[in-house]
Amino acid sequence: MRLNKLVLASRIGGKLMASATLAVAMCLSGSAFGQSEQPELPRQMAWTAYNLGTTGYNQAVAIGAMLRDRYNITLRVIPGQNDVSRLLPLDTGRVQFSANGVATYFAQEGMFQFADPQWGPKPLRLLMSSNGLSNQAVAVAADTGVTSFAELRGRRVPYVRAAPALNVSMEAYLACGGLTWDDVERVDFPGYEAMWEGVINGDVDAAFGTTVSGPTRRLEASPRGIRWLPAPHDDEACWQRMLAIGPYFNQYNATRGAGISDDEPHQAGTYPYPILIALESQDEATVYWMTRVINENFDDFKNADPGAIGWALESQVFNWVVPYHEGAVRYWREIGAWTDEYEAHNQSLIRRQAVLADAWAEVEGEGIDDRDAFMTRWQQLRAERLQEAGFDPVWH
């Protein structure tokens, strides 16, 4: 069972119980470096992020304000309407970093929208991420009476066009209840907001999202009400099925969100958001300093957005499904937060990316002109080469 067992701090029960290693790291990060030291970063930088007004965009802007106030560095945050528009400027070198979401994993794998001949698997690397007090989960309208994923059988479930991050995650939660898309009535929507409006208006019965996002509050305040379905952490069969589809999920007890509180936590899953990423080729010193200044100046922006608290050192997850950049590893190791276990995990992920890159080159060398035939061949060969190398393809 591929549960995230090496997490730097235990997040069970919604409480962060720091390890001895973390305690040392926090002491070092607070005392080893002076705030007056000028980081070796460009005076003008650019990130991509989610749409204007989203929590991911707001957190990026808050970090930009810190950079301006502390170091006179200008950070331009470019909003992207979708996963491709956020990653394309990174891939072409127009921006140094992206505050992205779980599509980072899809891009690494060269799957879904990134299975296209113009894309393919990308050598993406993490710096750090926000892991707040919320879950990425499925809510139902309370008036449905549904209390478990198994009870969604025959119910109307939304599918958002061109949004695999939403649809794959919904599929993973359906699997928790032993269901597939064939067991529910699929209703298509053009976007995230429209999907939640569909629940409020009675067009569908459930939706996937972040427990703290705005539309969930509107559902909570509507006549239908809101109920978050649990994915019990002691239900191993549920989590085996979930992780077989969405290996990027971590178990978590959320204490923040619509209808969720410290007294009424929600037991399900989550993943980092936003995730600060760069290409593997990004300058090592630039990555080192970007990671360092964010961590050292966390107090400057932690209250700027409800999700910004997730950038705290004790909330970092160092063994996720995408590897860390060597510059970030240098910093995390320098302050004592990086362990041999994390290094072994990171090297395994880097080897996985190498297998993916070789498989992509192999397919390109076959000279397949038809786009659909190319994508079909890529997905077949990708699974074969990953299995041969001892890796789980996840999607076949």
# chains A, B, ... in the order shown; residues from 1 in each chain; ligands from 1
call {"tool": "closest_atom_pairs", "arguments": {"of": "range 88-150 of chain A", "to": "range 368-377 of chain A", "cutoff": "12 Å", "atoms": "only C-alpha atoms", "output": "tab-separated table"}}
result
residue	atom	partner	partner_atom	distance
A:Gly110	CA	A:Met375	CA	9.9
A:Met111	CA	A:Met375	CA	9.2
A:Phe112	CA	A:Met375	CA	9.5
A:Gln113	CA	A:Met375	CA	10.2
A:Phe114	CA	A:Met375	CA	9.6
A:Ala115	CA	A:Met375	CA	5.9
A:Asp116	CA	A:Met375	CA	6.3
A:Pro117	CA	A:Arg371	CA	6.9
A:Gln118	CA	A:Arg371	CA	9.7
A:Trp119	CA	A:Met375	CA	10.7
A:Gly120	CA	A:Met375	CA	9.6
call {"tool": "write_last_selection", "arguments": {"atoms": "N, CA and C atoms", "output": "short mmCIF file (atom, residue, chain, number, x, y, z; two decimals), in the first residue's frame"}}
result
data_model
loop_
_atom_site.label_atom_id
_atom_site.label_comp_id
_atom_site.auth_asym_id
_atom_site.auth_seq_id
_atom_site.Cartn_x
_atom_site.Cartn_y
_atom_site.Cartn_z
N GLY A 110 3.68 12.58 -18.53
CA GLY A 110 3.32 12.65 -19.93
C GLY A 110 1.95 12.05 -20.21
N MET A 111 1.01 12.27 -19.31
CA MET A 111 -0.31 11.66 -19.44
C MET A 111 -1.40 12.73 -19.56
N PHE A 112 -2.57 12.24 -20.01
CA PHE A 112 -3.75 13.09 -20.20
C PHE A 112 -3.41 14.20 -21.20
N GLN A 113 -3.58 15.47 -20.86
CA GLN A 113 -3.31 16.52 -21.85
C GLN A 113 -1.85 16.59 -22.23
N PHE A 114 -0.96 15.99 -21.43
CA PHE A 114 0.47 16.02 -21.72
C PHE A 114 0.95 14.79 -22.50
N ALA A 115 0.01 13.93 -22.91
CA ALA A 115 0.35 12.81 -23.80
C ALA A 115 0.42 13.27 -25.24
N ASP A 116 0.09 14.50 -25.49
CA ASP A 116 0.11 15.07 -26.83
C ASP A 116 1.53 15.09 -27.39
N PRO A 117 1.70 14.86 -28.70
CA PRO A 117 3.04 14.88 -29.30
C PRO A 117 3.82 16.16 -29.05
N GLN A 118 3.13 17.27 -28.82
CA GLN A 118 3.81 18.55 -28.56
C GLN A 118 4.31 18.66 -27.13
N TRP A 119 3.93 17.72 -26.27
CA TRP A 119 4.33 17.80 -24.86
C TRP A 119 5.25 16.65 -24.47
N GLY A 120 4.66 15.59 -23.98
CA GLY A 120 5.47 14.48 -23.48
C GLY A 120 5.89 14.72 -22.05
#
call {"tool": "residues_around", "arguments": {"residues": "range 135-139 of chain A", "least_positions_apart": "6", "cutoff": "10 Å", "atoms": "only C-alpha atoms", "output": "PDB file with N, CA and C atoms, in the first residue's frame"}}
result
ATOM      1  N   VAL A 146     -26.768  11.036   1.140  1.00  0.00           N
ATOM      2  CA  VAL A 146     -25.607  10.187   0.870  1.00  0.00           C
ATOM      3  C   VAL A 146     -24.546  10.419   1.949  1.00  0.00           C
ATOM      4  N   THR A 147     -24.018   9.333   2.508  1.00  0.00           N
ATOM      5  CA  THR A 147     -23.003   9.447   3.564  1.00  0.00           C
ATOM      6  C   THR A 147     -21.715   8.687   3.248  1.00  0.00           C
ATOM      7  N   PHE A 149     -19.150   6.872  -0.223  1.00  0.00           N
ATOM      8  CA  PHE A 149     -18.916   6.838  -1.658  1.00  0.00           C
ATOM      9  C   PHE A 149     -19.703   5.719  -2.335  1.00  0.00           C
ATOM     10  N   LEU A 166      -9.209  17.250 -11.833  1.00  0.00           N
ATOM     11  CA  LEU A 166     -10.488  17.087 -11.140  1.00  0.00           C
ATOM     12  C   LEU A 166     -11.079  15.707 -11.386  1.00  0.00           C
ATOM     13  N   SER A 169      -9.136  12.699  -9.838  1.00  0.00           N
ATOM     14  CA  SER A 169      -9.328  12.708  -8.388  1.00  0.00           C
ATOM     15  C   SER A 169     -10.720  12.219  -8.013  1.00  0.00           C
ATOM     16  N   MET A 170     -11.726  12.623  -8.764  1.00  0.00           N
ATOM     17  CA  MET A 170     -13.073  12.109  -8.511  1.00  0.00           C
ATOM     18  C   MET A 170     -13.114  10.606  -8.740  1.00  0.00           C
ATOM     19  N   TYR A 173     -11.698   8.776  -5.740  1.00  0.00           N
ATOM     20  CA  TYR A 173     -12.632   8.713  -4.606  1.00  0.00           C
ATOM     21  C   TYR A 173     -13.791   7.759  -4.886  1.00  0.00           C
ATOM     22  N   LEU A 174     -14.252   7.732  -6.132  1.00  0.00           N
ATOM     23  CA  LEU A 174     -15.284   6.746  -6.465  1.00  0.00           C
ATOM     24  C   LEU A 174     -14.765   5.334  -6.196  1.00  0.00           C
ATOM     25  N   TRP A 196     -19.670  23.300  -9.359  1.00  0.00           N
ATOM     26  CA  TRP A 196     -20.239  23.532  -8.021  1.00  0.00           C
ATOM     27  C   TRP A 196     -21.595  24.220  -8.103  1.00  0.00           C
ATOM     28  N   VAL A 199     -24.167  21.639  -8.472  1.00  0.00           N
ATOM     29  CA  VAL A 199     -24.629  21.019  -7.224  1.00  0.00           C
ATOM     30  C   VAL A 199     -25.659  21.916  -6.545  1.00  0.00           C
ATOM     31  N   ASP A 205     -25.208  15.772  -7.869  1.00  0.00           N
ATOM     32  CA  ASP A 205     -25.326  15.495  -6.437  1.00  0.00           C
ATOM     33  C   ASP A 205     -24.018  15.628  -5.670  1.00  0.00           C
ATOM     34  N   ALA A 206     -22.894  15.710  -6.371  1.00  0.00           N
ATOM     35  CA  ALA A 206     -21.599  15.716  -5.698  1.00  0.00           C
ATOM     36  C   ALA A 206     -20.616  16.533  -6.522  1.00  0.00           C
ATOM     37  N   ALA A 207     -19.457  16.873  -5.909  1.00  0.00           N
ATOM     38  CA  ALA A 207     -18.393  17.569  -6.624  1.00  0.00           C
ATOM     39  C   ALA A 207     -17.089  17.386  -5.872  1.00  0.00           C
ATOM     40  N   PHE A 208     -15.991  17.471  -6.626  1.00  0.00           N
ATOM     41  CA  PHE A 208     -14.658  17.378  -6.034  1.00  0.00           C
ATOM     42  C   PHE A 208     -14.043  18.766  -5.939  1.00  0.00           C
ATOM     43  N   GLY A 209     -13.326  19.019  -4.851  1.00  0.00           N
ATOM     44  CA  GLY A 209     -12.643  20.297  -4.721  1.00  0.00           C
ATOM     45  C   GLY A 209     -11.921  20.440  -3.407  1.00  0.00           C
ATOM     46  N   THR A 210     -11.316  21.596  -3.226  1.00  0.00           N
ATOM     47  CA  THR A 210     -10.643  21.929  -1.980  1.00  0.00           C
ATOM     48  C   THR A 210     -11.686  22.345  -0.956  1.00  0.00           C
ATOM     49  N   THR A 211     -11.570  21.850   0.251  1.00  0.00           N
ATOM     50  CA  THR A 211     -12.618  22.106   1.252  1.00  0.00           C
ATOM     51  C   THR A 211     -12.744  23.580   1.610  1.00  0.00           C
ATOM     52  N   VAL A 212     -11.706  24.394   1.295  1.00  0.00           N
ATOM     53  CA  VAL A 212     -11.767  25.813   1.640  1.00  0.00           C
ATOM     54  C   VAL A 212     -12.134  26.700   0.457  1.00  0.00           C
ATOM     55  N   SER A 213     -12.399  26.132  -0.698  1.00  0.00           N
ATOM     56  CA  SER A 213     -12.672  26.968  -1.866  1.00  0.00           C
ATOM     57  C   SER A 213     -14.030  27.662  -1.740  1.00  0.00           C
ATOM     58  N   THR A 216     -17.621  25.976  -2.223  1.00  0.00           N
ATOM     59  CA  THR A 216     -18.094  25.070  -1.171  1.00  0.00           C
ATOM     60  C   THR A 216     -18.861  25.841  -0.102  1.00  0.00           C
ATOM     61  N   LEU A 219     -22.367  26.387  -1.426  1.00  0.00           N
ATOM     62  CA  LEU A 219     -23.187  25.192  -1.267  1.00  0.00           C
ATOM     63  C   LEU A 219     -23.616  25.032   0.186  1.00  0.00           C
ATOM     64  N   GLY A 225     -27.349  22.493   1.382  1.00  0.00           N
ATOM     65  CA  GLY A 225     -26.364  22.187   2.411  1.00  0.00           C
ATOM     66  C   GLY A 225     -25.219  21.347   1.866  1.00  0.00           C
ATOM     67  N   ILE A 226     -24.223  21.095   2.704  1.00  0.00           N
ATOM     68  CA  ILE A 226     -23.036  20.378   2.261  1.00  0.00           C
ATOM     69  C   ILE A 226     -22.659  19.272   3.236  1.00  0.00           C
ATOM     70  N   ARG A 227     -22.152  18.162   2.696  1.00  0.00           N
ATOM     71  CA  ARG A 227     -21.596  17.073   3.502  1.00  0.00           C
ATOM     72  C   ARG A 227     -20.387  16.522   2.765  1.00  0.00           C
ATOM     73  N   TRP A 228     -19.244  16.467   3.451  1.00  0.00           N
ATOM     74  CA  TRP A 228     -18.030  15.897   2.866  1.00  0.00           C
ATOM     75  C   TRP A 228     -17.986  14.404   3.144  1.00  0.00           C
ATOM     76  N   LEU A 229     -17.791  13.620   2.091  1.00  0.00           N
ATOM     77  CA  LEU A 229     -17.763  12.172   2.263  1.00  0.00           C
ATOM     78  C   LEU A 229     -16.412  11.734   2.816  1.00  0.00           C
ATOM     79  N   PRO A 230     -16.398  10.835   3.785  1.00  0.00           N
ATOM     80  CA  PRO A 230     -15.124  10.397   4.377  1.00  0.00           C
ATOM     81  C   PRO A 230     -14.456   9.294   3.557  1.00  0.00           C
ATOM     82  N   ALA A 231     -13.123   9.283   3.609  1.00  0.00           N
ATOM     83  CA  ALA A 231     -12.318   8.160   3.114  1.00  0.00           C
ATOM     84  C   ALA A 231     -11.536   7.670   4.330  1.00  0.00           C
ATOM     85  N   PHE A 249      -2.343  11.310  -3.551  1.00  0.00           N
ATOM     86  CA  PHE A 249      -3.092  11.617  -2.330  1.00  0.00           C
ATOM     87  C   PHE A 249      -2.322  11.202  -1.079  1.00  0.00           C
ATOM     88  N   ASN A 250      -2.439  12.006  -0.022  1.00  0.00           N
ATOM     89  CA  ASN A 250      -1.963  11.669   1.312  1.00  0.00           C
ATOM     90  C   ASN A 250      -3.157  11.678   2.260  1.00  0.00           C
ATOM     91  N   GLN A 251      -3.147  10.816   3.243  1.00  0.00           N
ATOM     92  CA  GLN A 251      -4.202  10.823   4.256  1.00  0.00           C
ATOM     93  C   GLN A 251      -4.093  12.081   5.110  1.00  0.00           C
ATOM     94  N   TYR A 252      -5.250  12.658   5.424  1.00  0.00           N
ATOM     95  CA  TYR A 252      -5.238  13.854   6.264  1.00  0.00           C
ATOM     96  C   TYR A 252      -6.597  14.072   6.914  1.00  0.00           C
ATOM     97  N   ASN A 253      -6.577  14.588   8.124  1.00  0.00           N
ATOM     98  CA  ASN A 253      -7.783  15.017   8.827  1.00  0.00           C
ATOM     99  C   ASN A 253      -7.871  16.528   8.732  1.00  0.00           C
ATOM    100  N   ALA A 254      -8.741  17.028   7.876  1.00  0.00           N
ATOM    101  CA  ALA A 254      -8.875  18.470   7.674  1.00  0.00           C
ATOM    102  C   ALA A 254      -9.657  19.101   8.811  1.00  0.00           C
ATOM    103  N   THR A 255      -9.218  20.293   9.194  1.00  0.00           N
ATOM    104  CA  THR A 255      -9.934  21.055  10.229  1.00  0.00           C
ATOM    105  C   THR A 255     -10.414  22.397   9.696  1.00  0.00           C
ATOM    106  N   ARG A 256     -10.241  22.625   8.392  1.00  0.00           N
ATOM    107  CA  ARG A 256     -10.645  23.894   7.799  1.00  0.00           C
ATOM    108  C   ARG A 256     -11.439  23.626   6.538  1.00  0.00           C
ATOM    109  N   GLY A 257     -12.591  24.297   6.431  1.00  0.00           N
ATOM    110  CA  GLY A 257     -13.414  24.140   5.241  1.00  0.00           C
ATOM    111  C   GLY A 257     -14.883  24.319   5.552  1.00  0.00           C
ATOM    112  N   ALA A 258     -15.693  24.309   4.514  1.00  0.00           N
ATOM    113  CA  ALA A 258     -17.139  24.449   4.685  1.00  0.00           C
ATOM    114  C   ALA A 258     -17.689  23.268   5.467  1.00  0.00           C
ATOM    115  N   HIS A 266     -12.603  16.442   9.045  1.00  0.00           N
ATOM    116  CA  HIS A 266     -12.990  15.593   7.924  1.00  0.00           C
ATOM    117  C   HIS A 266     -11.841  14.646   7.601  1.00  0.00           C
ATOM    118  N   GLN A 267     -12.097  13.353   7.632  1.00  0.00           N
ATOM    119  CA  GLN A 267     -11.073  12.344   7.397  1.00  0.00           C
ATOM    120  C   GLN A 267     -11.142  11.870   5.948  1.00  0.00           C
ATOM    121  N   ALA A 268     -10.137  12.237   5.184  1.00  0.00           N
ATOM    122  CA  ALA A 268     -10.079  11.822   3.776  1.00  0.00           C
ATOM    123  C   ALA A 268      -8.654  12.001   3.283  1.00  0.00           C
ATOM    124  N   GLY A 269      -8.487  12.647   2.125  1.00  0.00           N
ATOM    125  CA  GLY A 269      -7.168  12.798   1.546  1.00  0.00           C
ATOM    126  C   GLY A 269      -6.913  14.200   1.049  1.00  0.00           C
ATOM    127  N   THR A 270      -5.648  14.479   0.788  1.00  0.00           N
ATOM    128  CA  THR A 270      -5.271  15.778   0.243  1.00  0.00           C
ATOM    129  C   THR A 270      -3.981  15.618  -0.544  1.00  0.00           C
ATOM    130  N   TYR A 271      -3.561  16.685  -1.183  1.00  0.00           N
ATOM    131  CA  TYR A 271      -2.257  16.747  -1.831  1.00  0.00           C
ATOM    132  C   TYR A 271      -1.812  18.198  -1.808  1.00  0.00           C
ATOM    133  N   PRO A 272      -0.523  18.448  -1.997  1.00  0.00           N
ATOM    134  CA  PRO A 272      -0.024  19.819  -1.901  1.00  0.00           C
ATOM    135  C   PRO A 272      -0.656  20.746  -2.938  1.00  0.00           C
ATOM    136  N   TYR A 273      -0.923  21.971  -2.519  1.00  0.00           N
ATOM    137  CA  TYR A 273      -1.427  23.012  -3.424  1.00  0.00           C
ATOM    138  C   TYR A 273      -1.315  24.372  -2.744  1.00  0.00           C
TER     139      TYR A 273
END
call {"tool": "closest_atom_pairs", "arguments": {"of": "range 117-169 of chain A", "to": "range 303-320 of chain A", "cutoff": "8 Å", "atoms": "only C-alpha atoms", "output": "JSON lines"}}
result
{"residue": "A:Met128", "atom": "CA", "partner": "A:Gln316", "partner_atom": "CA", "distance": 6.8}
{"residue": "A:Ser129", "atom": "CA", "partner": "A:Trp311", "partner_atom": "CA", "distance": 6.0}
{"residue": "A:Ser130", "atom": "CA", "partner": "A:Gly310", "partner_atom": "CA", "distance": 4.1}
{"residue": "A:Asn131", "atom": "CA", "partner": "A:Gly310", "partner_atom": "CA", "distance": 4.1}
{"residue": "A:Gly132", "atom": "CA", "partner": "A:Gly310", "partner_atom": "CA", "distance": 3.9}
{"residue": "A:Leu133", "atom": "CA", "partner": "A:Gly310", "partner_atom": "CA", "distance": 7.2}
call {"tool": "write_last_selection", "arguments": {"atoms": "N, CA, C and O atoms", "output": "mmCIF file, in the first residue's frame"}}
result
data_model
loop_
_atom_site.group_PDB
_atom_site.id
_atom_site.type_symbol
_atom_site.label_atom_id
_atom_site.label_comp_id
_atom_site.auth_asym_id
_atom_site.auth_seq_id
_atom_site.Cartn_x
_atom_site.Cartn_y
_atom_site.Cartn_z
ATOM 1 N N MET A 128 9.249 23.523 -2.928
ATOM 2 C CA MET A 128 8.481 23.315 -1.707
ATOM 3 C C MET A 128 7.015 23.458 -2.073
ATOM 4 O O MET A 128 6.677 23.692 -3.233
ATOM 5 N N SER A 129 6.132 23.309 -1.104
ATOM 6 C CA SER A 129 4.704 23.340 -1.412
ATOM 7 C C SER A 129 3.914 23.783 -0.200
ATOM 8 O O SER A 129 4.424 23.841 0.921
ATOM 9 N N SER A 130 2.658 24.100 -0.453
ATOM 10 C CA SER A 130 1.744 24.486 0.618
ATOM 11 C C SER A 130 0.866 23.297 0.971
ATOM 12 O O SER A 130 0.174 22.745 0.113
ATOM 13 N N ASN A 131 0.920 22.909 2.225
ATOM 14 C CA ASN A 131 0.095 21.809 2.728
ATOM 15 C C ASN A 131 -0.704 22.335 3.908
ATOM 16 O O ASN A 131 -0.259 22.302 5.052
ATOM 17 N N GLY A 132 -1.883 22.886 3.613
ATOM 18 C CA GLY A 132 -2.677 23.573 4.623
ATOM 19 C C GLY A 132 -3.484 22.644 5.499
ATOM 20 O O GLY A 132 -3.192 21.453 5.639
ATOM 21 N N LEU A 133 -4.541 23.180 6.071
ATOM 22 C CA LEU A 133 -5.368 22.432 7.016
ATOM 23 C C LEU A 133 -6.631 21.903 6.358
ATOM 24 O O LEU A 133 -7.568 21.488 7.038
#
call {"tool": "select_by_dssp", "arguments": {"residues": "range 29-107 of chain A", "states": "helix (DSSP H, G or I)", "output": "PyMOL selection string"}}
result
chain A and resi 29-31+55-71+83-91+103-107
call {"tool": "write_last_selection", "arguments": {"atoms": "N, CA, C and O atoms", "output": "compact mmCIF listing (two decimals), in the first residue's frame"}}
result
# COMPACT_ATOMS: atom_id res chain seq x y z
N SER A 29 16.92 26.80 10.81
CA SER A 29 16.37 27.75 9.84
C SER A 29 16.11 29.09 10.48
O SER A 29 16.10 30.11 9.82
N GLY A 30 15.90 29.09 11.79
CA GLY A 30 15.62 30.34 12.46
C GLY A 30 16.87 31.08 12.91
O GLY A 30 16.80 32.26 13.24
N SER A 31 18.02 30.40 12.93
CA SER A 31 19.18 31.04 13.52
C SER A 31 20.41 31.06 12.63
O SER A 31 21.31 31.86 12.84
N THR A 55 -6.84 30.79 -4.36
CA THR A 55 -5.91 30.75 -3.23
C THR A 55 -4.47 30.58 -3.70
O THR A 55 -3.54 31.14 -3.12
N GLY A 56 -4.27 29.83 -4.78
CA GLY A 56 -2.92 29.66 -5.31
C GLY A 56 -2.35 30.97 -5.82
O GLY A 56 -1.17 31.29 -5.58
N TYR A 57 -3.15 31.75 -6.53
CA TYR A 57 -2.71 33.05 -7.03
C TYR A 57 -2.42 34.00 -5.86
O TYR A 57 -1.39 34.69 -5.84
N ASN A 58 -3.33 34.02 -4.89
CA ASN A 58 -3.16 34.93 -3.76
C ASN A 58 -1.89 34.63 -2.97
O ASN A 58 -1.19 35.55 -2.51
N GLN A 59 -1.57 33.35 -2.81
CA GLN A 59 -0.36 32.99 -2.08
C GLN A 59 0.89 33.40 -2.85
O GLN A 59 1.88 33.86 -2.27
N ALA A 60 0.86 33.24 -4.17
CA ALA A 60 2.00 33.67 -4.99
C ALA A 60 2.20 35.17 -4.89
O ALA A 60 3.34 35.65 -4.78
N VAL A 61 1.12 35.92 -4.93
CA VAL A 61 1.21 37.38 -4.81
C VAL A 61 1.77 37.77 -3.44
O VAL A 61 2.58 38.70 -3.32
N ALA A 62 1.36 37.07 -2.40
CA ALA A 62 1.85 37.36 -1.06
C ALA A 62 3.35 37.10 -0.95
O ALA A 62 4.08 37.87 -0.31
N ILE A 63 3.82 36.04 -1.58
CA ILE A 63 5.26 35.76 -1.59
C ILE A 63 5.98 36.85 -2.39
O ILE A 63 7.08 37.30 -2.01
N GLY A 64 5.35 37.32 -3.46
CA GLY A 64 5.92 38.41 -4.23
C GLY A 64 6.06 39.69 -3.41
O GLY A 64 7.06 40.41 -3.52
N ALA A 65 5.07 39.97 -2.57
CA ALA A 65 5.14 41.15 -1.70
C ALA A 65 6.29 41.02 -0.71
O ALA A 65 6.98 42.01 -0.41
N MET A 66 6.50 39.81 -0.20
CA MET A 66 7.62 39.58 0.71
C MET A 66 8.95 39.84 0.00
O MET A 66 9.85 40.49 0.54
N LEU A 67 9.08 39.35 -1.24
CA LEU A 67 10.32 39.55 -1.99
C LEU A 67 10.58 41.03 -2.25
O LEU A 67 11.72 41.51 -2.16
N ARG A 68 9.53 41.76 -2.54
CA ARG A 68 9.66 43.20 -2.78
C ARG A 68 10.08 43.94 -1.50
O ARG A 68 11.01 44.76 -1.50
N ASP A 69 9.37 43.65 -0.41
CA ASP A 69 9.62 44.37 0.84
C ASP A 69 10.97 44.03 1.45
O ASP A 69 11.64 44.90 2.01
N ARG A 70 11.36 42.75 1.36
CA ARG A 70 12.60 42.31 2.00
C ARG A 70 13.84 42.57 1.14
O ARG A 70 14.89 42.95 1.65
N TYR A 71 13.70 42.33 -0.18
CA TYR A 71 14.90 42.29 -1.02
C TYR A 71 14.82 43.16 -2.27
O TYR A 71 15.71 43.10 -3.11
N ASP A 83 -4.00 24.05 -16.95
CA ASP A 83 -2.70 23.45 -16.64
C ASP A 83 -1.67 23.72 -17.73
O ASP A 83 -0.50 24.01 -17.44
N VAL A 84 -2.09 23.63 -18.98
CA VAL A 84 -1.15 23.86 -20.08
C VAL A 84 -0.67 25.31 -20.09
O VAL A 84 0.52 25.58 -20.26
N SER A 85 -1.58 26.26 -19.88
CA SER A 85 -1.19 27.67 -19.91
C SER A 85 -0.29 28.05 -18.74
O SER A 85 0.44 29.04 -18.82
N ARG A 86 -0.33 27.28 -17.66
CA ARG A 86 0.59 27.53 -16.54
C ARG A 86 1.96 26.93 -16.80
O ARG A 86 2.98 27.48 -16.37
N LEU A 87 2.00 25.79 -17.48
CA LEU A 87 3.27 25.09 -17.66
C LEU A 87 4.00 25.49 -18.94
O LEU A 87 5.23 25.36 -19.02
N LEU A 88 3.28 25.99 -19.95
CA LEU A 88 3.94 26.36 -21.20
C LEU A 88 4.98 27.47 -21.00
O LEU A 88 6.11 27.34 -21.51
N PRO A 89 4.68 28.54 -20.26
CA PRO A 89 5.72 29.57 -20.04
C PRO A 89 6.93 29.03 -19.29
O PRO A 89 8.06 29.49 -19.52
N LEU A 90 6.72 28.05 -18.40
CA LEU A 90 7.84 27.43 -17.70
C LEU A 90 8.67 26.61 -18.67
O LEU A 90 9.91 26.68 -18.68
N ASP A 91 8.00 25.86 -19.52
CA ASP A 91 8.69 24.98 -20.46
C ASP A 91 9.49 25.77 -21.48
O ASP A 91 10.55 25.32 -21.94
N ALA A 103 -1.46 18.76 -11.55
CA ALA A 103 -1.11 18.54 -12.95
C ALA A 103 0.40 18.49 -13.14
O ALA A 103 0.88 18.01 -14.18
N THR A 104 1.15 18.96 -12.15
CA THR A 104 2.61 18.79 -12.18
C THR A 104 2.96 17.31 -12.35
O THR A 104 3.85 16.95 -13.11
N TYR A 105 2.24 16.46 -11.64
CA TYR A 105 2.47 15.01 -11.72
C TYR A 105 2.08 14.48 -13.09
O TYR A 105 2.79 13.67 -13.69
N PHE A 106 0.95 14.95 -13.62
CA PHE A 106 0.52 14.51 -14.94
C PHE A 106 1.54 14.91 -16.01
O PHE A 106 1.80 14.15 -16.95
N ALA A 107 2.12 16.11 -15.86
CA ALA A 107 3.11 16.57 -16.83
C ALA A 107 4.39 15.74 -16.72
O ALA A 107 5.03 15.44 -17.73
call {"tool": "residues_around", "arguments": {"residues": "Arg224 in chain A", "least_positions_apart": "6", "cutoff": "8 Å", "atoms": "only C-alpha atoms", "output": "PyMOL selection string"}}
result
chain A and resi 141-143+200
call {"tool": "closest_residue", "arguments": {"among": "A:Ser222, A:Thr74, A:Thr339, A:Asn100", "to": "Thr54 in chain A", "atoms": "only C-alpha atoms"}}
result
A:Asn100
call {"tool": "closest_residue", "arguments": {"among": "A:Glu280, A:Asp300, A:Glu171, A:Glu384", "to": "Met242 in chain A", "atoms": "only C-alpha atoms"}}
result
A:Glu171
call {"tool": "atom_distance", "arguments": {"atom1": "CA of Tyr324 in chain A", "atom2": "CA of Leu126 in chain A"}}
result
4.3 Å
call {"tool": "residues_around", "arguments": {"residues": "Gly154 in chain A", "least_positions_apart": "3", "cutoff": "9 Å", "atoms": "only C-alpha atoms", "output": "count of residues only"}}
result
5
call {"tool": "closest_residue", "arguments": {"among": "A:Tyr50, A:Ser134, A:Ser98, A:Pro223", "to": "Pro79 in chain A", "atoms": "only C-alpha atoms"}}
result
A:Tyr50
call {"tool": "select_by_dssp", "arguments": {"residues": "range 94-241 of chain A", "states": "strand (DSSP E)", "output": "JSON, numbers by chain"}}
result
{"A": [97, 98, 99, 100, 124, 125, 126, 127, 128, 129, 136, 137, 138, 139, 140, 141, 156, 157, 158, 159, 160, 185, 186, 187, 188, 189, 206, 207, 208, 209, 210, 226, 227, 228]}
call {"tool": "residues_around", "arguments": {"residues": "Leu124 in chain A", "least_positions_apart": "6", "cutoff": "7 Å", "atoms": "only C-alpha atoms", "output": "list of chain:residue names"}}
result
A:Gln108, A:Ile277, A:Ala278, A:Leu279, A:Glu280
call {"tool": "write_last_selection", "arguments": {"atoms": "C-alpha atoms", "output": "PDB file, in the first residue's frame"}}
result
ATOM      1  CA  GLN A 108       5.957  14.528 -15.341  1.00  0.00           C
ATOM      2  CA  ILE A 277       8.114  23.917  -9.315  1.00  0.00           C
ATOM      3  CA  ALA A 278      10.905  24.517 -11.807  1.00  0.00           C
ATOM      4  CA  LEU A 279      12.431  22.645 -14.685  1.00  0.00           C
ATOM      5  CA  GLU A 280      15.327  20.361 -13.831  1.00  0.00           C
TER       6      GLU A 280
END
call {"tool": "residues_around", "arguments": {"residues": "Ala244 in chain A", "least_positions_apart": "3", "cutoff": "8 Å", "atoms": "only C-alpha atoms", "output": "list in words"}}
result
Ala172, Gln240, Arg241, Pro247 and Val394 of chain A
call {"tool": "closest_residue", "arguments": {"among": "A:Trp395, A:Ser261, A:Ala49, A:Gly93", "to": "Ile78 in chain A", "atoms": "only C-alpha atoms"}}
result
A:Ala49
call {"tool": "atom_distance", "arguments": {"atom1": "CA of Arg218 in chain A", "atom2": "CA of Glu197 in chain A"}}
result
8.6 Å
